[in-house]
Amino acid sequence: STAATLSFANPLTISAGTLTGSDGISTNGLNWSGGTIAGGPGVLTTSGLTSVTGFVTLNARTWDNAGTVDQRGASRVTLANAAVVNNQSGAQWNLSSTDSAPLSGAGTFNNAGTLTKTGTATHNLAITAFNNAGQVNVAGGTLLLNLGSTDSGDYAITSGATLQFAAGRTLGAGSDVTGGGTVNFSSGTVTLNDSYSIAGSGSTLISGGTASFNTRASTLSFANPLTVSAGTLTGS
């Protein structure tokens, strides 16, 4: 049978304790500063503005975000027991947490919307899988991807920011890497099959991983010096 859905017309506030049950949960706004959302198979669906401002846990449930999530302050979303976050097409996830592992645990984050990382912190996405079919903007600090995946979405790195690939990942057709920041290939084999354009003040660093460029261009041009200190540069 299909689980019923419990709808909250006004923002739901969770500061401690546990919200669970088999029903789906739909809320127009969520203020989440502590505690756990568990249960299922009903899905947690958020629209409007969700504020994540503390250490919270999503346990075994699927969360579909159709609005805007502001994850800020000393905040961490722990995914437990194969929990899944779907940042849907048209949705926004603003990541400015001061925590080093703002997404962690045994779960999956699927981005079909826009995820924007700001601030000066290094953010390690310490989860089972991060899949990008939308847009990832690295606008400050370092975004560290140390988990494998196959992507079809884009990555844009602002000047002064760094995208670090620290595990095997395939960027398929339609997955472009652009901007004026730094891309660091530090571990694993990263295969790029569409376009790669780091210009302006940007730089490309191969410091321990394998960067395999199989882009649409027959010749890959680097606007600024390419630095290879370890690892492998290869491709067709």
# chains A, B, ... in the order shown; residues from 1 in each chain; ligands from 1
$ closest_atom_pairs --of "range 134-219 of chain A" --to "range 90-106 of chain A" --cutoff "10 Å" --atoms "only C-alpha atoms" --output "CSV"
residue,atom,partner,partner_atom,distance
A:Gly134,CA,A:Gly90,CA,9.0
A:Gln135,CA,A:Gln92,CA,9.6
A:Val136,CA,A:Trp93,CA,9.5
A:Asn137,CA,A:Asn94,CA,9.6
A:Val138,CA,A:Leu95,CA,9.7
A:Gly140,CA,A:Ser96,CA,9.1
A:Gly141,CA,A:Ser96,CA,9.8
A:Leu143,CA,A:Ser100,CA,9.9
A:Leu144,CA,A:Ala101,CA,9.6
$ residues_around --residues "range 44-47 of chain A" --least-positions-apart "3" --cutoff "12 Å" --atoms "only C-alpha atoms" --output "JSON list (two decimals) with N, CA and C atoms, in the first residue's frame"
[["chain", "number", "residue", "atom", "x", "y", "z"],
["A", 3, "ALA", "N", 2.04, 4.85, 1.30],
["A", 3, "ALA", "CA", 2.03, 5.57, 2.57],
["A", 3, "ALA", "C", 1.28, 6.88, 2.42],
["A", 4, "ALA", "N", 0.56, 7.27, 3.47],
["A", 4, "ALA", "CA", -0.10, 8.56, 3.49],
["A", 4, "ALA", "C", 0.95, 9.66, 3.62],
["A", 5, "THR", "N", 0.56, 10.90, 3.33],
["A", 5, "THR", "CA", 1.48, 12.03, 3.44],
["A", 5, "THR", "C", 0.91, 13.04, 4.42],
["A", 6, "LEU", "N", 1.71, 13.40, 5.40],
["A", 6, "LEU", "CA", 1.37, 14.41, 6.39],
["A", 6, "LEU", "C", 1.94, 15.74, 5.92],
["A", 7, "SER", "N", 1.07, 16.76, 5.78],
["A", 7, "SER", "CA", 1.50, 18.05, 5.23],
["A", 7, "SER", "C", 1.47, 19.13, 6.30],
["A", 8, "PHE", "N", 2.55, 19.92, 6.34],
["A", 8, "PHE", "CA", 2.64, 21.07, 7.24],
["A", 8, "PHE", "C", 2.58, 22.33, 6.38],
["A", 9, "ALA", "N", 1.58, 23.16, 6.60],
["A", 9, "ALA", "CA", 1.42, 24.38, 5.81],
["A", 9, "ALA", "C", 2.44, 25.43, 6.18],
["A", 10, "ASN", "N", 2.90, 25.40, 7.44],
["A", 10, "ASN", "CA", 3.88, 26.35, 7.95],
["A", 10, "ASN", "C", 5.15, 25.62, 8.30],
["A", 11, "PRO", "N", 6.27, 26.35, 8.43],
["A", 11, "PRO", "CA", 7.55, 25.67, 8.68],
["A", 11, "PRO", "C", 7.52, 24.75, 9.89],
["A", 12, "LEU", "N", 8.08, 23.57, 9.70],
["A", 12, "LEU", "CA", 8.26, 22.59, 10.77],
["A", 12, "LEU", "C", 9.58, 22.87, 11.45],
["A", 19, "LEU", "N", 11.68, 12.56, 14.65],
["A", 19, "LEU", "CA", 10.45, 12.51, 13.88],
["A", 19, "LEU", "C", 10.52, 11.26, 13.03],
["A", 20, "THR", "N", 9.53, 10.36, 13.20],
["A", 20, "THR", "CA", 9.58, 9.09, 12.47],
["A", 20, "THR", "C", 8.17, 8.64, 12.13],
["A", 21, "GLY", "N", 8.07, 7.47, 11.53],
["A", 21, "GLY", "CA", 6.80, 6.93, 11.09],
["A", 21, "GLY", "C", 6.86, 6.57, 9.62],
["A", 22, "SER", "N", 5.83, 5.86, 9.16],
["A", 22, "SER", "CA", 5.83, 5.42, 7.76],
["A", 22, "SER", "C", 5.26, 6.45, 6.80],
["A", 23, "ASP", "N", 4.54, 7.45, 7.32],
["A", 23, "ASP", "CA", 3.94, 8.47, 6.46],
["A", 23, "ASP", "C", 4.99, 9.30, 5.73],
["A", 24, "GLY", "N", 4.62, 9.77, 4.56],
["A", 24, "GLY", "CA", 5.40, 10.81, 3.94],
["A", 24, "GLY", "C", 5.20, 12.11, 4.70],
["A", 25, "ILE", "N", 6.18, 13.02, 4.59],
["A", 25, "ILE", "CA", 6.13, 14.31, 5.27],
["A", 25, "ILE", "C", 6.37, 15.39, 4.24],
["A", 26, "SER", "N", 5.45, 16.34, 4.14],
["A", 26, "SER", "CA", 5.60, 17.46, 3.22],
["A", 26, "SER", "C", 5.50, 18.74, 4.04],
["A", 27, "THR", "N", 6.52, 19.59, 3.93],
["A", 27, "THR", "CA", 6.52, 20.82, 4.72],
["A", 27, "THR", "C", 6.97, 22.01, 3.89],
["A", 28, "ASN", "N", 6.25, 23.12, 4.05],
["A", 28, "ASN", "CA", 6.61, 24.38, 3.41],
["A", 28, "ASN", "C", 7.53, 25.13, 4.35],
["A", 29, "GLY", "N", 8.80, 24.73, 4.34],
["A", 29, "GLY", "CA", 9.79, 25.30, 5.24],
["A", 29, "GLY", "C", 10.13, 24.34, 6.36],
["A", 30, "LEU", "N", 11.41, 24.30, 6.71],
["A", 30, "LEU", "CA", 11.90, 23.43, 7.78],
["A", 30, "LEU", "C", 13.04, 24.15, 8.49],
["A", 31, "ASN", "N", 12.91, 24.29, 9.82],
["A", 31, "ASN", "CA", 13.98, 24.81, 10.66],
["A", 31, "ASN", "C", 14.55, 23.64, 11.44],
["A", 32, "TRP", "N", 15.76, 23.21, 11.07],
["A", 32, "TRP", "CA", 16.32, 21.97, 11.61],
["A", 32, "TRP", "C", 17.67, 22.29, 12.24],
["A", 37, "ILE", "N", 15.42, 12.87, 11.65],
["A", 37, "ILE", "CA", 14.24, 12.51, 10.86],
["A", 37, "ILE", "C", 14.49, 11.11, 10.33],
["A", 38, "ALA", "N", 13.61, 10.19, 10.72],
["A", 38, "ALA", "CA", 13.78, 8.78, 10.38],
["A", 38, "ALA", "C", 12.50, 8.26, 9.74],
["A", 39, "GLY", "N", 12.43, 6.94, 9.60],
["A", 39, "GLY", "CA", 11.20, 6.31, 9.13],
["A", 39, "GLY", "C", 11.17, 6.11, 7.64],
["A", 40, "GLY", "N", 9.94, 6.06, 7.12],
["A", 40, "GLY", "CA", 9.69, 5.73, 5.74],
["A", 40, "GLY", "C", 8.84, 4.47, 5.64],
["A", 41, "PRO", "N", 8.45, 4.06, 4.46],
["A", 41, "PRO", "CA", 8.98, 4.48, 3.15],
["A", 41, "PRO", "C", 8.51, 5.84, 2.64],
["A", 50, "THR", "N", 14.45, 25.85, 3.80],
["A", 50, "THR", "CA", 14.90, 24.97, 4.87],
["A", 50, "THR", "C", 16.21, 25.50, 5.42],
["A", 51, "SER", "N", 16.27, 25.68, 6.74],
["A", 51, "SER", "CA", 17.48, 26.14, 7.41],
["A", 51, "SER", "C", 18.04, 25.00, 8.24],
["A", 58, "LEU", "N", 19.55, 12.25, 9.07],
["A", 58, "LEU", "CA", 18.50, 11.68, 8.23],
["A", 58, "LEU", "C", 18.73, 10.18, 8.23],
["A", 59, "ASN", "N", 17.81, 9.44, 8.84],
["A", 59, "ASN", "CA", 18.01, 8.00, 9.07],
["A", 59, "ASN", "C", 17.07, 7.19, 8.20],
["A", 60, "ALA", "N", 17.61, 6.57, 7.16],
["A", 60, "ALA", "CA", 16.92, 5.59, 6.31],
["A", 60, "ALA", "C", 15.81, 6.18, 5.44],
["A", 61, "ARG", "N", 15.56, 7.45, 5.54],
["A", 61, "ARG", "CA", 14.48, 8.07, 4.78],
["A", 61, "ARG", "C", 15.04, 8.80, 3.55],
["A", 62, "THR", "N", 14.20, 8.99, 2.55],
["A", 62, "THR", "CA", 14.54, 9.79, 1.38],
["A", 62, "THR", "C", 14.01, 11.20, 1.57],
["A", 63, "TRP", "N", 14.86, 12.18, 1.26],
["A", 63, "TRP", "CA", 14.49, 13.60, 1.36],
["A", 63, "TRP", "C", 14.56, 14.21, -0.03],
["A", 64, "ASP", "N", 13.40, 14.68, -0.53],
["A", 64, "ASP", "CA", 13.32, 15.39, -1.79],
["A", 64, "ASP", "C", 13.21, 16.88, -1.50],
["A", 65, "ASN", "N", 14.25, 17.64, -1.85],
["A", 65, "ASN", "CA", 14.20, 19.08, -1.66],
["A", 65, "ASN", "C", 13.77, 19.74, -2.96],
["A", 66, "ALA", "N", 12.63, 20.47, -2.89],
["A", 66, "ALA", "CA", 12.14, 21.19, -4.06],
["A", 66, "ALA", "C", 12.27, 22.69, -3.88],
["A", 67, "GLY", "N", 12.83, 23.13, -2.75],
["A", 67, "GLY", "CA", 12.96, 24.55, -2.47],
["A", 67, "GLY", "C", 14.41, 24.96, -2.33],
["A", 68, "THR", "N", 14.70, 25.71, -1.26],
["A", 68, "THR", "CA", 16.06, 26.18, -0.99],
["A", 68, "THR", "C", 16.49, 25.70, 0.39],
["A", 69, "VAL", "N", 17.65, 25.06, 0.45],
["A", 69, "VAL", "CA", 18.25, 24.66, 1.71],
["A", 69, "VAL", "C", 19.44, 25.57, 1.98],
["A", 83, "ALA", "N", 20.23, 6.45, 3.75],
["A", 83, "ALA", "CA", 19.36, 7.60, 3.49],
["A", 83, "ALA", "C", 19.77, 8.26, 2.17],
["A", 84, "VAL", "N", 18.80, 8.92, 1.53],
["A", 84, "VAL", "CA", 19.03, 9.55, 0.23],
["A", 84, "VAL", "C", 18.51, 10.98, 0.26],
["A", 85, "VAL", "N", 19.33, 11.90, -0.24],
["A", 85, "VAL", "CA", 18.91, 13.29, -0.46],
["A", 85, "VAL", "C", 18.84, 13.54, -1.95],
["A", 86, "ASN", "N", 17.69, 14.01, -2.43],
["A", 86, "ASN", "CA", 17.52, 14.41, -3.82],
["A", 86, "ASN", "C", 17.30, 15.91, -3.88],
["A", 87, "ASN", "N", 18.34, 16.65, -4.29],
["A", 87, "ASN", "CA", 18.18, 18.08, -4.53],
["A", 87, "ASN", "C", 17.65, 18.22, -5.95],
["A", 88, "GLN", "N", 16.35, 18.49, -6.06],
["A", 88, "GLN", "CA", 15.66, 18.32, -7.32],
["A", 88, "GLN", "C", 15.94, 19.44, -8.31],
["A", 90, "GLY", "N", 15.76, 22.60, -10.28],
["A", 90, "GLY", "CA", 15.19, 23.88, -9.89],
["A", 90, "GLY", "C", 15.39, 24.23, -8.44],
["A", 91, "ALA", "N", 15.86, 23.28, -7.64],
["A", 91, "ALA", "CA", 16.09, 23.50, -6.22],
["A", 91, "ALA", "C", 17.51, 24.00, -5.98],
["A", 92, "GLN", "N", 17.72, 24.57, -4.80],
["A", 92, "GLN", "CA", 19.01, 25.17, -4.45],
["A", 92, "GLN", "C", 19.46, 24.64, -3.10],
["A", 93, "TRP", "N", 20.74, 24.25, -3.01],
["A", 93, "TRP", "CA", 21.36, 23.87, -1.73],
["A", 93, "TRP", "C", 22.57, 24.78, -1.53]]
$ closest_atom_pairs --of "range 60-140 of chain A" --to "range 156-174 of chain A" --cutoff "12 Å" --atoms "only C-alpha atoms" --output "JSON lines"
{"residue": "A:Thr114", "atom": "CA", "partner": "A:Ala156", "partner_atom": "CA", "distance": 10.9}
{"residue": "A:Leu115", "atom": "CA", "partner": "A:Ala156", "partner_atom": "CA", "distance": 10.5}
{"residue": "A:Thr116", "atom": "CA", "partner": "A:Ala156", "partner_atom": "CA", "distance": 9.5}
{"residue": "A:Lys117", "atom": "CA", "partner": "A:Ala161", "partner_atom": "CA", "distance": 9.5}
{"residue": "A:Thr118", "atom": "CA", "partner": "A:Ala161", "partner_atom": "CA", "distance": 8.9}
{"residue": "A:Gly119", "atom": "CA", "partner": "A:Ala161", "partner_atom": "CA", "distance": 9.4}
{"residue": "A:Thr120", "atom": "CA", "partner": "A:Ala161", "partner_atom": "CA", "distance": 8.3}
{"residue": "A:Ala121", "atom": "CA", "partner": "A:Ala161", "partner_atom": "CA", "distance": 10.1}
{"residue": "A:Thr122", "atom": "CA", "partner": "A:Thr162", "partner_atom": "CA", "distance": 9.0}
{"residue": "A:His123", "atom": "CA", "partner": "A:Leu163", "partner_atom": "CA", "distance": 10.0}
{"residue": "A:Asn124", "atom": "CA", "partner": "A:Gln164", "partner_atom": "CA", "distance": 9.6}
{"residue": "A:Leu125", "atom": "CA", "partner": "A:Ala166", "partner_atom": "CA", "distance": 10.7}
{"residue": "A:Ala126", "atom": "CA", "partner": "A:Ala166", "partner_atom": "CA", "distance": 11.4}
{"residue": "A:Thr128", "atom": "CA", "partner": "A:Ala167", "partner_atom": "CA", "distance": 11.9}
{"residue": "A:Ala129", "atom": "CA", "partner": "A:Arg169", "partner_atom": "CA", "distance": 10.6}
{"residue": "A:Phe130", "atom": "CA", "partner": "A:Arg169", "partner_atom": "CA", "distance": 10.1}
{"residue": "A:Asn131", "atom": "CA", "partner": "A:Arg169", "partner_atom": "CA", "distance": 9.8}
{"residue": "A:Asn132", "atom": "CA", "partner": "A:Leu171", "partner_atom": "CA", "distance": 9.2}
{"residue": "A:Ala133", "atom": "CA", "partner": "A:Gly174", "partner_atom": "CA", "distance": 9.0}
{"residue": "A:Gly134", "atom": "CA", "partner": "A:Gly174", "partner_atom": "CA", "distance": 10.0}
{"residue": "A:Gln135", "atom": "CA", "partner": "A:Ala156", "partner_atom": "CA", "distance": 7.8}
{"residue": "A:Val136", "atom": "CA", "partner": "A:Ala156", "partner_atom": "CA", "distance": 6.3}
{"residue": "A:Asn137", "atom": "CA", "partner": "A:Ala156", "partner_atom": "CA", "distance": 4.9}
{"residue": "A:Val138", "atom": "CA", "partner": "A:Ile157", "partner_atom": "CA", "distance": 4.7}
{"residue": "A:Ala139", "atom": "CA", "partner": "A:Thr158", "partner_atom": "CA", "distance": 4.9}
{"residue": "A:Gly140", "atom": "CA", "partner": "A:Ala161", "partner_atom": "CA", "distance": 4.6}
$ select_by_dssp --residues "range 67-200 of chain A" --states "strand (DSSP E or B)" --output "PyMOL selection string"
chain A and resi 68-71+76-87+92-95+103-111+114-117+122-132+135-138+142-145+149-151+154-157+162-165+169-171+177-179+182-185+189-192+196-198
$ residues_around --residues "Thr219 in chain A" --least-positions-apart "4" --cutoff "12 Å" --atoms "only C-alpha atoms" --output "list of chain:residue names"
A:Ser195, A:Tyr196, A:Ser197, A:Phe213, A:Asn214, A:Thr215, A:Gly235, A:Ser236
$ write_last_selection --atoms "all heavy atoms" --output "compact mmCIF listing (two decimals), in the first residue's frame"
# COMPACT_ATOMS: atom_id res chain seq x y z
N SER A 195 33.76 19.07 -21.76
CA SER A 195 34.67 20.19 -21.93
C SER A 195 35.34 20.56 -20.61
O SER A 195 34.79 20.34 -19.52
CB SER A 195 33.94 21.41 -22.49
OG SER A 195 32.98 21.89 -21.59
N TYR A 196 36.55 21.11 -20.73
CA TYR A 196 37.34 21.54 -19.58
C TYR A 196 37.95 22.87 -19.93
O TYR A 196 38.76 22.98 -20.86
CB TYR A 196 38.43 20.50 -19.28
CG TYR A 196 39.25 20.80 -18.04
CD1 TYR A 196 38.85 20.33 -16.79
CD2 TYR A 196 40.43 21.53 -18.11
CE1 TYR A 196 39.59 20.59 -15.64
CE2 TYR A 196 41.18 21.79 -16.98
CZ TYR A 196 40.75 21.32 -15.75
OH TYR A 196 41.49 21.59 -14.61
N SER A 197 37.55 23.91 -19.18
CA SER A 197 38.03 25.25 -19.48
C SER A 197 38.25 26.02 -18.18
O SER A 197 37.32 26.59 -17.61
CB SER A 197 37.02 25.99 -20.37
OG SER A 197 37.45 27.31 -20.63
N PHE A 213 41.91 13.08 -19.87
CA PHE A 213 41.16 14.06 -20.66
C PHE A 213 40.78 13.45 -22.00
O PHE A 213 41.63 13.19 -22.85
CB PHE A 213 42.00 15.33 -20.87
CG PHE A 213 42.21 16.13 -19.61
CD1 PHE A 213 43.38 15.99 -18.87
CD2 PHE A 213 41.24 17.00 -19.16
CE1 PHE A 213 43.58 16.73 -17.72
CE2 PHE A 213 41.42 17.75 -18.00
CZ PHE A 213 42.60 17.61 -17.28
N ASN A 214 39.48 13.25 -22.18
CA ASN A 214 38.94 12.74 -23.43
C ASN A 214 37.83 13.69 -23.89
O ASN A 214 36.72 13.27 -24.21
CB ASN A 214 38.39 11.33 -23.24
CG ASN A 214 39.42 10.40 -22.63
OD1 ASN A 214 40.38 10.02 -23.26
ND2 ASN A 214 39.21 10.04 -21.36
N THR A 215 38.15 14.98 -23.89
CA THR A 215 37.15 16.00 -24.10
C THR A 215 36.78 16.12 -25.58
O THR A 215 37.38 15.49 -26.45
CB THR A 215 37.65 17.36 -23.59
OG1 THR A 215 38.77 17.77 -24.36
CG2 THR A 215 38.06 17.26 -22.11
N GLY A 235 44.93 10.48 -21.53
CA GLY A 235 43.70 10.71 -22.27
C GLY A 235 43.92 10.57 -23.76
O GLY A 235 45.04 10.37 -24.24
N SER A 236 42.82 10.70 -24.49
CA SER A 236 42.88 10.53 -25.95
C SER A 236 43.03 11.87 -26.66
O SER A 236 43.27 11.89 -27.86
CB SER A 236 41.61 9.82 -26.43
OG SER A 236 40.46 10.57 -26.13
$ closest_residue --among "A:Gly48, A:Gly231, A:Gly54, A:Gly209" --to "Ala16 in chain A" --atoms "only C-alpha atoms"
A:Gly54
$ atom_distance --atom1 "CA of Thr178 in chain A" --atom2 "CA of Val52 in chain A"
28.9 Å
$ atom_distance --atom1 "CA of Thr150 in chain A" --atom2 "CA of Ala217 in chain A"
20.4 Å
